[in-house]
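To start, the structure itself, in structure tokens.
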Amino acid sequence: MSFAIKSLTAASLIACAFAAHAQSGETVRIAFIDPLSGPFANVGQNQLKSWQFVADRKSGKANPAGVKFEVIGFDNKGSPQESLNSLKAAIDQGFRYVAQGNGSGAAAAISDAVSKHNSRNPGKEVLFLNYAAVDPSLTNEKCDYWHFRLDADTTMKMEALTSFMKDQPKVKKVFLLNQNYSHGQQVARYFKEGINRKRPDIQIVGEDLHPIAQVKDFAPYVAKIKQSGADTIVTGNWGTDLTLFVKALGDAGLKIPMYTYYAGVTGTPTALAAAGADEVYVIAYGHSNHDGEIGKLSADFKKQFNDDYYTFATYNGINLMAGAIAKAKSTDPVKVAAALEGLEVKSFSGEVKMRNTDHQLQQSMFVTKWQKVSAKYPYSVENTGYTFVPIKQMEPYVASTPTSCNMKRP
């Protein structure tokens, strides 16, 4: 009897240990849905490599769940409709996790489609990781249980940026140039609201919204900026729309401070160096000169691809996924979604937390400035001899903004 009890106890312990690591050895496949062709292909290709690189580095014994991560690219050509086609193809191929970030219109379409799919297909639920689409509505009036945002939204970045700009006395006359879609419109709107609260003496001397990915020559916009007498530019532009704008500024010899969201994105640093730009700032949740694990990862990415690793949301995304899978003891998106709510993990800038009320990641923000590399800040962005130097770090509470999300949980 004693032997039988001991055997039963041992078997129970083995069973419990197996249950605790039931997900170990499984492969978690993530469908990356973003532009891999067209005007923003260079950005999408970089970000797909970033997801794949981090997934490989953080697989198996490198994460607490012991799972393998695999990321496969689907080309949405930057279109919401193509995003839905890609999502359907991914679901048909058995993907239960999707990641997207370039374009809030595409993000909204995917979020809505995922929600409808999940309600109609119990047992085949899909979870959406939004790593860069920053429309505030996605975690406010359009919030959805299956959507988790890894980037800071437009309001969070602007809250941090205006908190920094209010203390810059030489900023007096601002020109706003943005892409004419939700993100660009919101950058303009929230800048005006934020700076009016903090520095009502600052004048908006000009504002333009231009078609996204259609302008080939920004010289007319630069001429308007010159004529306005602006001493500062604020822009949420990204991709070729920022690269070509920087080129036009250089061609016109206009060198005034420019505050941006995405000057570190593929192609723009090279344009900044060619234009001889000097006073360019970025508001973001990371920068080029981190040390520790993320610094080594960036260096290894550069060595392997001769390209820059700048989408740090991929690092946080994989870490959060691994933590949630370990917590849930399952790779089932239903259980992982529940485990993600309120989850805190250690990141390169301290603790980050997935706020359970709206699924918006709470994290530190940085203001960085474009400067020549130095012994202290040696990372050469796009091999230009320049880098983005962190000049201010803000704790998560500084950029945190309230939410109107009234989330319906399954």
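Here's how to read the names in the structure tokens: chain A, B, ... by the order shown, residue numbers from 1 in each chain, ligand numbers from 1 in the order shown.
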
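Every protein or nucleic acid residue with an atom no more than 9 Å from Phe218 of chain A, counting only C-alpha atoms and leaving out same-chain residues fewer than 3 positions away, appears here: Val215, Tyr221, Val222, Ala223, Asp241, Leu244, Phe245, Val246, Lys247, Ala248 and Leu249 of chain A.
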
Store the residues picked out above, limited to N, CA, C and O atoms, as a CSV table (one decimal), in the first residue's frame.
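part-v5.csv written:
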chain,number,residue,atom,x,y,z
A,215,VAL,N,2.6,62.4,-52.9
A,215,VAL,CA,3.4,63.6,-53.2
A,215,VAL,C,4.8,63.1,-53.5
A,215,VAL,O,5.5,62.5,-52.7
A,221,TYR,N,5.3,72.7,-50.3
A,221,TYR,CA,5.1,72.7,-48.9
A,221,TYR,C,6.2,73.4,-48.1
A,221,TYR,O,5.9,74.2,-47.2
A,222,VAL,N,7.4,73.2,-48.5
A,222,VAL,CA,8.5,73.8,-47.9
A,222,VAL,C,8.5,75.3,-48.1
A,222,VAL,O,8.8,76.1,-47.2
A,223,ALA,N,8.1,75.7,-49.3
A,223,ALA,CA,7.9,77.2,-49.6
A,223,ALA,C,6.9,77.8,-48.7
A,223,ALA,O,7.1,78.9,-48.2
A,241,ASP,N,7.0,59.6,-47.3
A,241,ASP,CA,6.4,61.0,-47.1
A,241,ASP,C,7.3,61.8,-46.2
A,241,ASP,O,7.3,63.1,-46.4
A,244,LEU,N,11.0,62.2,-48.4
A,244,LEU,CA,11.0,63.2,-49.5
A,244,LEU,C,10.8,64.6,-48.9
A,244,LEU,O,11.3,65.6,-49.5
A,245,PHE,N,10.1,64.7,-47.8
A,245,PHE,CA,10.0,66.1,-47.2
A,245,PHE,C,11.3,66.5,-46.7
A,245,PHE,O,11.7,67.7,-46.8
A,246,VAL,N,12.1,65.7,-46.0
A,246,VAL,CA,13.4,66.0,-45.6
A,246,VAL,C,14.3,66.4,-46.7
A,246,VAL,O,15.1,67.4,-46.6
A,247,LYS,N,14.2,65.7,-47.8
A,247,LYS,CA,15.0,66.0,-49.0
A,247,LYS,C,14.7,67.5,-49.5
A,247,LYS,O,15.5,68.2,-49.8
A,248,ALA,N,13.4,67.8,-49.5
A,248,ALA,CA,12.9,69.1,-50.0
A,248,ALA,C,13.4,70.2,-49.0
A,248,ALA,O,13.8,71.3,-49.5
A,249,LEU,N,13.4,69.9,-47.8
A,249,LEU,CA,13.9,70.9,-46.8
A,249,LEU,C,15.4,71.1,-47.1
A,249,LEU,O,15.9,72.3,-47.0

Go through A:Met258, A:Ile202, A:Ile225, A:Val265 one by one, measure the shortest atom-to-atom distance of each to Ala41 of chain A using only C-alpha atoms, and give the residue with the smallest value.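 Result for the nearest residue to Ala41 of chain A: A:Val265.
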
Near-Gly38 of chain A list (9 Å; only C-alpha atoms; drop same-chain fewer than 3 positions) as a ChimeraX atom specification: /A:35,41-42,77-78

Got time to write the residues from that selection, N, CA, C and O atoms, as a PDB file, in the first residue's frame?
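What landed in out.pdb:
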ATOM      1  N   PRO A  35       2.528  46.120 -45.447  1.00  0.00           N
ATOM      2  CA  PRO A  35       3.005  46.285 -46.819  1.00  0.00           C
ATOM      3  C   PRO A  35       4.395  45.688 -47.042  1.00  0.00           C
ATOM      4  O   PRO A  35       5.353  46.084 -46.376  1.00  0.00           O
ATOM      5  N   ALA A  41       7.060  49.571 -48.750  1.00  0.00           N
ATOM      6  CA  ALA A  41       7.613  48.215 -48.668  1.00  0.00           C
ATOM      7  C   ALA A  41       8.896  48.171 -47.847  1.00  0.00           C
ATOM      8  O   ALA A  41       9.141  47.204 -47.116  1.00  0.00           O
ATOM      9  N   ASN A  42       9.751  49.226 -47.956  1.00  0.00           N
ATOM     10  CA  ASN A  42      11.017  49.200 -47.207  1.00  0.00           C
ATOM     11  C   ASN A  42      10.774  49.163 -45.704  1.00  0.00           C
ATOM     12  O   ASN A  42      11.511  48.498 -44.961  1.00  0.00           O
ATOM     13  N   LYS A  77      -0.196  45.313 -48.965  1.00  0.00           N
ATOM     14  CA  LYS A  77      -0.016  46.435 -49.898  1.00  0.00           C
ATOM     15  C   LYS A  77      -0.471  47.779 -49.305  1.00  0.00           C
ATOM     16  O   LYS A  77      -0.760  48.719 -50.030  1.00  0.00           O
ATOM     17  N   GLY A  78      -0.559  47.848 -47.983  1.00  0.00           N
ATOM     18  CA  GLY A  78      -0.958  49.080 -47.318  1.00  0.00           C
ATOM     19  C   GLY A  78      -2.444  49.377 -47.402  1.00  0.00           C
ATOM     20  O   GLY A  78      -2.880  50.478 -47.065  1.00  0.00           O
TER      21      GLY A  78
END

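Inside segment 29-60 of chain A, the residues DSSP reads as strand (DSSP E) when given the backbone are Arg29, Ile30, Ala31, Phe32, Ile33 and Asp34 of chain A.
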
Go ahead and write the residues just picked, N, CA and C atoms, as a PDB file, in the first residue's frame.
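So selection_22.pdb came out as:
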ATOM      1  N   ARG A  29       2.494  30.392 -34.162  1.00  0.00           N
ATOM      2  CA  ARG A  29       2.667  31.056 -35.460  1.00  0.00           C
ATOM      3  C   ARG A  29       1.943  32.397 -35.464  1.00  0.00           C
ATOM      4  N   ILE A  30       2.631  33.419 -35.918  1.00  0.00           N
ATOM      5  CA  ILE A  30       2.076  34.766 -35.993  1.00  0.00           C
ATOM      6  C   ILE A  30       2.065  35.213 -37.452  1.00  0.00           C
ATOM      7  N   ALA A  31       0.905  35.633 -37.933  1.00  0.00           N
ATOM      8  CA  ALA A  31       0.786  36.152 -39.301  1.00  0.00           C
ATOM      9  C   ALA A  31       1.057  37.658 -39.288  1.00  0.00           C
ATOM     10  N   PHE A  32       2.104  38.079 -39.960  1.00  0.00           N
ATOM     11  CA  PHE A  32       2.461  39.497 -40.081  1.00  0.00           C
ATOM     12  C   PHE A  32       1.748  40.048 -41.305  1.00  0.00           C
ATOM     13  N   ILE A  33       0.873  41.029 -41.118  1.00  0.00           N
ATOM     14  CA  ILE A  33       0.065  41.579 -42.212  1.00  0.00           C
ATOM     15  C   ILE A  33       0.392  43.055 -42.370  1.00  0.00           C
ATOM     16  N   ASP A  34       1.236  43.372 -43.334  1.00  0.00           N
ATOM     17  CA  ASP A  34       1.653  44.764 -43.567  1.00  0.00           C
ATOM     18  C   ASP A  34       2.240  44.890 -44.969  1.00  0.00           C
TER      19      ASP A  34
END

Extract the full set of alpha helix (DSSP H) residues from segment 114-215 of chain A according to DSSP on the backbone, and format it as a ChimeraX atom specification. /A:114-120,154-165,182-198

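With distances restricted to only C-alpha atoms, A:Ile195 is the closest residue to Ala160 of chain A from A:Ala62, A:Ile195, A:Ala263, A:Ile91.
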